[in-house]
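Data from run_33.txt: compact mmCIF, C-alpha atoms and all ligand atoms
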# COMPACT_ATOMS: atom_id res chain seq x y z
CA MET A 1 155.71 282.14 144.66
CA VAL A 2 156.67 279.13 142.55
CA ILE A 3 154.98 275.83 143.33
CA ILE A 4 156.71 272.75 141.95
CA ALA A 5 154.43 269.73 141.54
CA LEU A 6 156.22 266.40 141.23
CA PRO A 7 154.39 263.23 140.25
CA ALA A 8 156.32 260.36 141.79
CA TYR A 9 155.99 256.65 141.31
CA ASN A 10 158.73 254.58 142.93
CA GLU A 11 161.24 257.44 142.92
CA SER A 12 162.79 257.02 146.38
CA GLU A 13 166.27 256.72 144.86
CA THR A 14 166.13 259.84 142.72
CA LEU A 15 163.95 262.21 144.76
CA PRO A 16 166.67 263.14 147.30
CA PHE A 17 168.92 264.30 144.44
CA LEU A 18 166.15 266.15 142.64
CA LEU A 19 164.86 267.85 145.79
CA ALA A 20 168.37 268.94 146.78
CA ALA A 21 168.90 270.37 143.30
CA ILE A 22 165.56 272.20 143.44
CA ARG A 23 166.39 273.65 146.83
CA GLN A 24 169.81 274.82 145.71
CA SER A 25 168.52 276.32 142.49
CA MET A 26 165.64 278.16 144.18
CA GLN A 27 168.03 279.57 146.80
CA GLU A 28 170.57 280.66 144.19
CA ASN A 29 167.89 282.42 142.22
CA LYS A 30 166.18 283.79 145.35
CA ILE A 31 162.85 282.32 144.32
CA ASP A 32 160.15 281.78 146.92
CA TYR A 33 158.94 278.24 146.42
CA ARG A 34 157.21 275.19 147.75
CA VAL A 35 157.13 271.62 146.46
CA VAL A 36 154.14 269.30 146.22
CA VAL A 37 155.09 265.63 145.81
CA VAL A 38 152.27 263.35 144.71
CA ASN A 39 153.18 259.81 145.69
CA ASP A 40 151.10 257.75 143.29
CA GLY A 41 150.84 254.54 145.29
CA SER A 42 154.56 253.75 145.14
CA ALA A 43 155.68 250.34 146.34
CA ASP A 44 159.02 251.72 147.58
CA ASP A 45 159.71 254.25 150.36
CA THR A 46 159.04 257.38 148.29
CA SER A 47 156.85 258.66 151.15
CA SER A 48 159.39 258.31 153.93
CA VAL A 49 162.13 259.85 151.78
CA VAL A 50 159.92 262.89 151.20
CA THR A 51 158.86 263.10 154.85
CA THR A 52 162.49 263.06 155.95
CA LEU A 53 163.39 265.92 153.61
CA ALA A 54 160.33 267.94 154.57
CA GLY A 55 162.22 269.15 157.65
CA GLU A 56 164.77 270.89 155.42
CA MET A 57 162.64 272.52 152.77
CA PRO A 58 158.99 273.39 152.11
CA ILE A 59 157.46 270.14 150.88
CA GLU A 60 153.92 268.89 150.99
CA LEU A 61 153.35 265.17 150.48
CA ILE A 62 150.10 263.94 148.96
CA GLU A 63 149.37 260.24 148.80
CA HIS A 64 147.30 258.25 146.38
CA SER A 65 146.44 255.02 148.19
CA GLU A 66 146.92 253.12 144.94
CA ASN A 67 148.71 253.68 141.65
CA LEU A 68 146.38 255.76 139.47
CA GLY A 69 148.76 256.80 136.68
CA LEU A 70 150.68 259.92 135.67
CA GLY A 71 147.58 261.87 134.54
CA GLU A 72 145.81 261.47 137.87
CA ALA A 73 148.99 262.39 139.73
CA ILE A 74 149.44 265.49 137.58
CA ARG A 75 145.83 266.50 138.24
CA THR A 76 146.21 265.99 142.00
CA GLY A 77 149.49 267.94 141.90
CA LEU A 78 148.05 270.86 139.92
CA LEU A 79 144.94 271.07 142.10
CA SER A 80 146.88 271.08 145.34
CA ALA A 81 149.37 273.56 143.94
CA LEU A 82 146.43 275.83 143.12
CA GLU A 83 145.09 275.65 146.67
CA GLY A 84 146.11 278.87 148.31
CA ALA A 85 147.96 280.06 145.18
CA GLU A 86 147.65 283.68 144.06
CA PRO A 87 146.68 284.29 140.41
CA HIS A 88 150.18 285.51 139.54
CA ASP A 89 151.93 282.54 141.16
CA ILE A 90 153.67 280.03 138.92
CA ILE A 91 153.12 276.29 138.91
CA VAL A 92 155.84 274.04 137.55
CA THR A 93 155.58 270.33 136.77
CA MET A 94 158.58 268.11 136.13
CA ASP A 95 159.56 264.42 136.24
CA SER A 96 160.82 263.07 139.54
CA ASP A 97 163.53 260.98 137.86
CA ASN A 98 166.19 263.71 138.11
CA THR A 99 166.79 263.86 134.35
CA GLN A 100 165.52 267.42 133.93
CA THR A 101 167.54 270.26 135.44
CA PRO A 102 165.79 272.52 137.98
CA GLY A 103 168.25 275.27 137.01
CA LEU A 104 165.93 275.93 134.09
CA ILE A 105 163.03 276.90 136.35
CA ALA A 106 164.37 280.44 136.86
CA ARG A 107 164.25 281.00 133.11
CA MET A 108 160.77 279.51 132.81
CA VAL A 109 159.59 281.77 135.62
CA ARG A 110 161.00 284.74 133.76
CA GLY A 111 159.08 283.62 130.66
CA ILE A 112 155.82 283.72 132.60
CA ARG A 113 156.68 287.11 134.12
CA GLU A 114 157.36 288.36 130.58
CA GLY A 115 153.75 287.59 129.67
CA ASN A 116 153.51 283.92 128.73
CA ASP A 117 150.82 281.73 130.26
CA VAL A 118 152.78 278.53 129.64
CA VAL A 119 156.52 277.95 129.22
CA ILE A 120 157.64 274.54 127.98
CA ALA A 121 161.12 273.06 128.48
CA SER A 122 161.63 271.90 124.91
CA ARG A 123 163.84 269.36 123.21
CA TYR A 124 163.42 271.21 119.92
CA ARG A 125 164.95 274.62 120.56
CA GLN A 126 168.42 275.87 119.76
CA GLY A 127 170.56 275.06 122.77
CA ALA A 128 168.62 271.97 123.84
CA ASN A 129 170.78 268.97 124.65
CA ILE A 130 169.51 265.43 124.95
CA ARG A 131 171.80 262.82 126.51
CA GLY A 132 171.16 259.11 126.70
CA VAL A 133 167.61 258.90 125.34
CA PRO A 134 167.15 255.66 123.37
CA ARG A 135 166.64 256.15 119.66
CA TYR A 136 163.09 254.78 119.61
CA ARG A 137 162.05 257.24 122.37
CA ARG A 138 163.56 260.13 120.43
CA PHE A 139 161.67 258.94 117.39
CA LEU A 140 158.37 258.84 119.29
CA SER A 141 158.77 262.35 120.71
CA PHE A 142 159.77 263.61 117.29
CA GLY A 143 156.75 261.83 115.76
CA ALA A 144 154.52 263.60 118.28
CA ARG A 145 156.15 266.90 117.38
CA VAL A 146 155.42 266.35 113.67
CA VAL A 147 151.87 265.01 114.08
CA PHE A 148 150.74 267.63 116.61
CA GLY A 149 152.57 270.39 114.79
CA LEU A 150 150.62 269.55 111.62
CA LEU A 151 147.24 268.80 113.12
CA PHE A 152 147.28 271.30 115.99
CA PRO A 153 149.68 274.05 114.97
CA THR A 154 150.34 276.18 118.03
CA PRO A 155 152.44 279.33 117.89
CA ASN A 156 155.88 278.77 119.49
CA VAL A 157 155.18 275.17 120.49
CA ARG A 158 157.28 272.28 119.19
CA ASP A 159 157.49 269.98 122.21
CA PHE A 160 153.96 268.77 122.94
CA THR A 161 154.85 265.88 125.23
CA CYS A 162 157.56 267.01 127.66
CA GLY A 163 156.43 266.97 131.29
CA PHE A 164 158.60 269.91 132.35
CA ARG A 165 156.47 273.06 132.10
CA ALA A 166 155.59 276.25 133.93
CA TYR A 167 152.04 277.61 134.03
CA ARG A 168 150.56 280.86 135.26
CA ALA A 169 148.30 279.86 138.19
CA GLU A 170 145.48 282.08 136.97
CA VAL A 171 145.33 280.23 133.64
CA LEU A 172 145.27 276.82 135.32
CA SER A 173 142.44 277.93 137.64
CA ARG A 174 140.49 279.11 134.64
CA ALA A 175 141.11 275.80 132.90
CA PHE A 176 139.81 273.82 135.89
CA GLU A 177 136.78 276.13 136.11
CA GLN A 178 136.06 275.59 132.45
CA TYR A 179 136.75 271.86 132.14
CA GLY A 180 136.42 270.61 135.72
CA ASP A 181 138.30 267.39 136.36
CA GLY A 182 138.17 266.79 132.61
CA PHE A 183 140.97 269.34 132.22
CA VAL A 184 143.25 266.34 132.79
CA ALA A 185 141.16 263.63 131.18
CA GLN A 186 143.93 261.16 130.32
CA SER A 187 145.19 258.97 133.13
CA GLY A 188 148.46 257.99 131.45
CA PHE A 189 151.44 259.77 129.91
CA SER A 190 149.28 261.35 127.17
CA CYS A 191 148.03 263.76 129.85
CA MET A 192 150.72 266.26 128.87
CA VAL A 193 149.40 266.59 125.31
CA ASP A 194 145.84 266.60 126.60
CA ILE A 195 146.54 269.58 128.89
CA LEU A 196 148.34 271.44 126.14
CA LEU A 197 145.51 271.04 123.64
CA LYS A 198 143.00 272.38 126.16
CA LEU A 199 145.17 275.40 126.96
CA ARG A 200 145.59 275.93 123.22
CA ARG A 201 141.81 275.99 122.87
CA MET A 202 141.71 278.62 125.62
CA ASN A 203 144.11 280.68 123.55
CA ALA A 204 146.85 280.59 126.19
CA ILE A 205 150.10 282.33 125.25
CA MET A 206 152.91 279.78 125.10
CA SER A 207 156.63 279.75 124.57
CA GLU A 208 159.57 277.37 124.92
CA VAL A 209 163.05 277.33 126.41
CA PRO A 210 165.75 274.79 125.50
CA LEU A 211 165.82 271.68 127.69
CA ILE A 212 168.92 269.88 128.90
CA LEU A 213 167.74 266.29 129.30
CA ARG A 214 170.16 264.06 131.24
CA TYR A 215 168.54 260.74 130.53
CA ASP A 216 172.02 259.24 130.82
CA GLN A 217 171.72 259.87 134.58
CA LYS A 218 168.44 258.01 134.88
CA PHE A 219 168.42 255.26 137.54
CA GLY A 220 166.53 252.22 136.36
CA ALA A 221 164.06 251.93 133.55
CA SER A 222 161.56 254.40 132.16
CA LYS A 223 158.09 254.06 133.64
CA MET A 224 156.43 254.95 130.39
CA ILE A 225 154.51 252.05 128.87
CA VAL A 226 155.28 252.78 125.25
CA ILE A 227 152.46 250.94 123.48
CA ARG A 228 149.86 252.24 125.91
CA THR A 229 151.09 255.82 125.48
CA ILE A 230 151.04 255.58 121.67
CA GLY A 231 147.51 254.14 121.77
CA GLU A 232 146.22 256.82 124.17
CA THR A 233 147.86 259.58 122.17
CA LEU A 234 146.43 258.41 118.86
CA ARG A 235 142.95 258.13 120.38
CA LEU A 236 143.37 261.66 121.70
CA VAL A 237 144.31 262.93 118.23
CA VAL A 238 141.25 261.31 116.68
CA SER A 239 138.81 262.56 119.32
CA ARG A 240 140.17 266.13 119.24
CA ARG A 241 140.24 266.26 115.45
CA SER A 242 136.69 264.99 115.21
CA GLY A 243 135.58 267.43 117.89
CA LEU A 244 134.49 264.68 120.27
CA GLY A 245 136.91 265.36 123.12
N1 LIG B 301 151.92 259.29 139.36
C1 LIG B 301 152.53 258.49 138.56
N2 LIG B 301 153.64 258.92 138.11
C2 LIG B 301 154.27 258.11 137.31
C3 LIG B 301 153.78 256.86 136.92
N3 LIG B 301 154.66 256.34 136.09
C4 LIG B 301 155.64 257.26 136.02
N4 LIG B 301 155.40 258.31 136.77
C5 LIG B 301 156.18 259.52 136.98
O1 LIG B 301 156.14 260.20 135.77
C6 LIG B 301 157.38 260.81 135.53
C7 LIG B 301 157.86 260.34 134.21
O2 LIG B 301 158.26 258.97 134.26
P1 LIG B 301 159.65 258.60 133.70
O3 LIG B 301 160.02 257.20 134.06
O4 LIG B 301 160.60 259.68 134.11
O5 LIG B 301 159.37 258.67 132.13
P2 LIG B 301 160.38 259.08 130.99
O6 LIG B 301 161.36 260.03 131.55
O7 LIG B 301 159.49 259.68 129.96
O8 LIG B 301 161.01 257.80 130.54
C8 LIG B 301 158.27 260.44 136.71
O9 LIG B 301 158.20 261.51 137.63
C9 LIG B 301 157.59 259.21 137.29
O10 LIG B 301 157.79 259.06 138.68
C10 LIG B 301 152.56 256.43 137.44
O11 LIG B 301 152.03 255.36 137.20
N5 LIG B 301 151.99 257.31 138.26
MG MG B 302 161.62 261.22 133.01

As structure tokens, what does this structure read like?
Amino acid sequence: MVIIALPAYNESETLPFLLAAIRQSMQENKIDYRVVVVNDGSADDTSSVVTTLAGEMPIELIEHSENLGLGEAIRTGLLSALEGAEPHDIIVTMDSDNTQTPGLIARMVRGIREGNDVVIASRYRQGANIRGVPRYRRFLSFGARVVFGLLFPTPNVRDFTCGFRAYRAEVLSRAFEQYGDGFVAQSGFSCMVDILLKLRRMNAIMSEVPLILRYDQKFGASKMIVIRTIGETLRLVVSRRSGLG
């Protein structure tokens, strides 16, 4: 079983496309799946869009009564995905903005079945293709790749910040047992790096597959607050390097 956890903040326009693509891809690949959408206090009709589609495919909707940030939504999504999951099940997270292609999930699932604990959809692998990402955002992701690659070298990992990943359920359960809620300690976009560094410390086996990123298809603006994310990420680097976090 593959459980796809989607953090969603004001994604009513894109979710129908993404959910249809997920459904089609899972059917084509004959993968047993369910989707968990975490509506993080959206001001639009994200909830009703999801409820409408829930009649057509296996979707669970979880609501935060207010906007708590990507990290909290990821934690809620991972915890509910783990409820009732078997140790060998696979939990996938991805953006709800329909810029990442669910067709890649089948390959990520295979990566876990082959023996990886984590498979990352990576911008830095042969075959990756990035369309429409502004230059400064490319620069930031690349900066993160360089900084984390130097300070926290991790076999097979180049993309430390991408939100599209697959995890072996058993490894995530162990991480929550070990760290409690602190497994996802960052409330903002730096949560992805935070999670990765903790799994690295647990000696998880990781690999990457090339990501096709269709940012050119993105409706509306990015929800990432750039300065806040840089600040959080730098604080994370300092606390991890000094052994405080
Ligand atoms: N839960 C939650 N999710 C958010 C928030 N901001 C953005 N997201 C979600 O996080 C994901 C990444 O945001 P996105 O705008 O795609 O960022 P970008 O692709 O990196 O520019 C999307 O699924 C958003 O719906 C937030 O405040 N809370
Ligand atoms: Mg996105």

>> Give me the residues near A:Ile205 as a PyMOL selection string, where near means some atom within 9 Å (using all atoms listed in the file) and where sequence neighbours in that chain fewer than 3 positions away do not count.
In response: chain A and resi 115-119+155-156+199-200

>> Residues near A:Arg23, anyone? I mean within 10 Å using all atoms listed in the file, not counting same-chain ones fewer than 6 positions away, as a list in words.
In response: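 My reading of the contact set: Phe17, Ile31, Tyr33, Arg34, Val35, Glu56, Met57, Pro58 and Pro102 of chain A.
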
> Nearest to ligand MG 302 (chain B): which of A:Cys162, A:Ala106, A:Val184, A:Ala73 is it, counting only C-alpha atoms and all ligand atoms?
Replying inline: A:Cys162

>> Distance cut-off 8 Å, centre (169.9, 260.1, 131.2) in file coordinates, counting only C-alpha atoms: which residues qualify? Return them as a list of chain:residue names.
In response: A:Thr99, A:Arg131, A:Gly132, A:Val133, A:Leu213, A:Arg214, A:Tyr215, A:Asp216, A:Gln217, A:Lys218

Could the residues in this selection be written to a file with C-alpha atoms, as a CSV table (one decimal), in the frame of the given file?
chain,number,residue,atom,x,y,z
A,99,THR,CA,166.8,263.9,134.4
A,131,ARG,CA,171.8,262.8,126.5
A,132,GLY,CA,171.2,259.1,126.7
A,133,VAL,CA,167.6,258.9,125.3
A,213,LEU,CA,167.7,266.3,129.3
A,214,ARG,CA,170.2,264.1,131.2
A,215,TYR,CA,168.5,260.7,130.5
A,216,ASP,CA,172.0,259.2,130.8
A,217,GLN,CA,171.7,259.9,134.6
A,218,LYS,CA,168.4,258.0,134.9

> Separation of atom CA of A:Arg137 and atom CA of A:Gly243, in Å?
Replying inline: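 Answer for the atom CA of A:Arg137 to atom CA of A:Gly243 separation: 28.7 Å.
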
>> I'd like the contact shell of stretch 229-235 of chain A - 7 Å cut-off, only C-alpha atoms, skipping same-chain residues fewer than 4 positions apart - returned as a list in words.
In response: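 Residues meeting the cut-off are Gly188, Phe189, Ser190, Ile225 and Ser239 of chain A.
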
Keeping only C-alpha atoms, write the selected residues to a file as a PDB file, in the coordinates of the input.
ATOM      1  CA  GLY A 188     148.460 257.990 131.450  1.00  0.00           C
ATOM      2  CA  PHE A 189     151.440 259.770 129.910  1.00  0.00           C
ATOM      3  CA  SER A 190     149.280 261.350 127.170  1.00  0.00           C
ATOM      4  CA  ILE A 225     154.510 252.050 128.870  1.00  0.00           C
ATOM      5  CA  SER A 239     138.810 262.560 119.320  1.00  0.00           C
TER       6      SER A 239
END

> Interatomic distance between atom CA of A:Leu68 and atom CA of A:Gly143?
Replying inline: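 Result for atom CA of A:Leu68 versus atom CA of A:Gly143: 26.6 Å, one decimal.
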
Exercise answer, 8 Å around ligand LIG 301 (chain B) with all atoms listed in the file, as a PDB file with C-alpha atoms, keeping the file's coordinate frame:
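Writing the result to selection.pdb gives the following:
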ATOM      1  CA  LEU A   6     156.220 266.400 141.230  1.00  0.00           C
ATOM      2  CA  PRO A   7     154.390 263.230 140.250  1.00  0.00           C
ATOM      3  CA  ALA A   8     156.320 260.360 141.790  1.00  0.00           C
ATOM      4  CA  TYR A   9     155.990 256.650 141.310  1.00  0.00           C
ATOM      5  CA  ASN A  10     158.730 254.580 142.930  1.00  0.00           C
ATOM      6  CA  GLU A  11     161.240 257.440 142.920  1.00  0.00           C
ATOM      7  CA  VAL A  38     152.270 263.350 144.710  1.00  0.00           C
ATOM      8  CA  ASN A  39     153.180 259.810 145.690  1.00  0.00           C
ATOM      9  CA  ASP A  40     151.100 257.750 143.290  1.00  0.00           C
ATOM     10  CA  GLY A  41     150.840 254.540 145.290  1.00  0.00           C
ATOM     11  CA  ASN A  67     148.710 253.680 141.650  1.00  0.00           C
ATOM     12  CA  LEU A  68     146.380 255.760 139.470  1.00  0.00           C
ATOM     13  CA  GLY A  69     148.760 256.800 136.680  1.00  0.00           C
ATOM     14  CA  LEU A  70     150.680 259.920 135.670  1.00  0.00           C
ATOM     15  CA  GLY A  71     147.580 261.870 134.540  1.00  0.00           C
ATOM     16  CA  GLU A  72     145.810 261.470 137.870  1.00  0.00           C
ATOM     17  CA  ALA A  73     148.990 262.390 139.730  1.00  0.00           C
ATOM     18  CA  ILE A  74     149.440 265.490 137.580  1.00  0.00           C
ATOM     19  CA  MET A  94     158.580 268.110 136.130  1.00  0.00           C
ATOM     20  CA  ASP A  95     159.560 264.420 136.240  1.00  0.00           C
ATOM     21  CA  SER A  96     160.820 263.070 139.540  1.00  0.00           C
ATOM     22  CA  ASP A  97     163.530 260.980 137.860  1.00  0.00           C
ATOM     23  CA  ASN A  98     166.190 263.710 138.110  1.00  0.00           C
ATOM     24  CA  THR A  99     166.790 263.860 134.350  1.00  0.00           C
ATOM     25  CA  CYS A 162     157.560 267.010 127.660  1.00  0.00           C
ATOM     26  CA  GLY A 163     156.430 266.970 131.290  1.00  0.00           C
ATOM     27  CA  GLY A 188     148.460 257.990 131.450  1.00  0.00           C
ATOM     28  CA  PHE A 189     151.440 259.770 129.910  1.00  0.00           C
ATOM     29  CA  TYR A 215     168.540 260.740 130.530  1.00  0.00           C
ATOM     30  CA  ALA A 221     164.060 251.930 133.550  1.00  0.00           C
ATOM     31  CA  SER A 222     161.560 254.400 132.160  1.00  0.00           C
ATOM     32  CA  LYS A 223     158.090 254.060 133.640  1.00  0.00           C
ATOM     33  CA  MET A 224     156.430 254.950 130.390  1.00  0.00           C
TER      34      MET A 224
END

>> One decimal, in Å: what's the spacing between atom CA of A:His64 and atom CA of A:Arg168?
In response: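 Interatomic distance here is 25.4 Å.
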
A:Ile91: which residues within 7 Å, counting only C-alpha atoms, same-chain residues fewer than 5 positions away excluded, as a PDB file with C-alpha atoms, keeping the file's coordinate frame?
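Printed below is around31.pdb as written:
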ATOM      1  CA  VAL A   2     156.670 279.130 142.550  1.00  0.00           C
ATOM      2  CA  ILE A   3     154.980 275.830 143.330  1.00  0.00           C
ATOM      3  CA  ILE A   4     156.710 272.750 141.950  1.00  0.00           C
ATOM      4  CA  ALA A  81     149.370 273.560 143.940  1.00  0.00           C
ATOM      5  CA  ALA A 166     155.590 276.250 133.930  1.00  0.00           C
ATOM      6  CA  TYR A 167     152.040 277.610 134.030  1.00  0.00           C
ATOM      7  CA  ARG A 168     150.560 280.860 135.260  1.00  0.00           C
ATOM      8  CA  ALA A 169     148.300 279.860 138.190  1.00  0.00           C
TER       9      ALA A 169
END

>> as number ranges by chain, please: the residues near A:Ala185 (cut-off 10 Å, all atoms listed in the file, same-chain neighbours under 6 positions excluded).
In response: A: 71-72, 75, 179, 191, 194-195, 236, 245

>> From the options A:Val92, A:Val49, A:Met26, A:Ile59, which residue's atoms come nearest to A:Ala5, counting only C-alpha atoms?
In response: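 Distance minimum relative to A:Ala5 lands on A:Val92.
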
> Which of these, A:Phe164, A:Ser48, A:Ala128, A:Ala144, has the shortest distance to ligand MG 302 (chain B) once you count all atoms listed in the file?
Replying inline: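 Nearest to ligand MG 302 (chain B): A:Phe164.
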
Is it possible to get the axis-aligned box enclosing stretch 188-205 of chain A (all listed atoms, 6 Å extra per side) as JSON, with centre and edge lengths in Å rounded to one decimal?
{"center_x": 146.6, "center_y": 270.2, "center_z": 127.2, "size_x": 21.7, "size_y": 36.3, "size_z": 20.6}

>> Using all atoms listed in the file, can you tell me which of A:Ala43, A:Val37, A:Ala85, A:Val146 comes closest to A:Glu60?
In response: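 Smallest separation from A:Glu60 among the options: A:Val37.
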
> So, counting only C-alpha atoms and all ligand atoms, which residue among A:Pro16, A:Phe219, A:Val193, A:Phe139 is closest to ligand MG 302 (chain B)?
Replying inline: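 Closest to ligand MG 302 (chain B) of all the choices is A:Phe219.
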
>> Measuring between only C-alpha atoms and all ligand atoms, which one of A:Gly220, A:Asp181, A:Gly111, A:Phe148 shows the shortest distance to ligand MG 302 (chain B)?
In response: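 The shortest atom-to-atom distance to ligand MG 302 (chain B) comes from A:Gly220.
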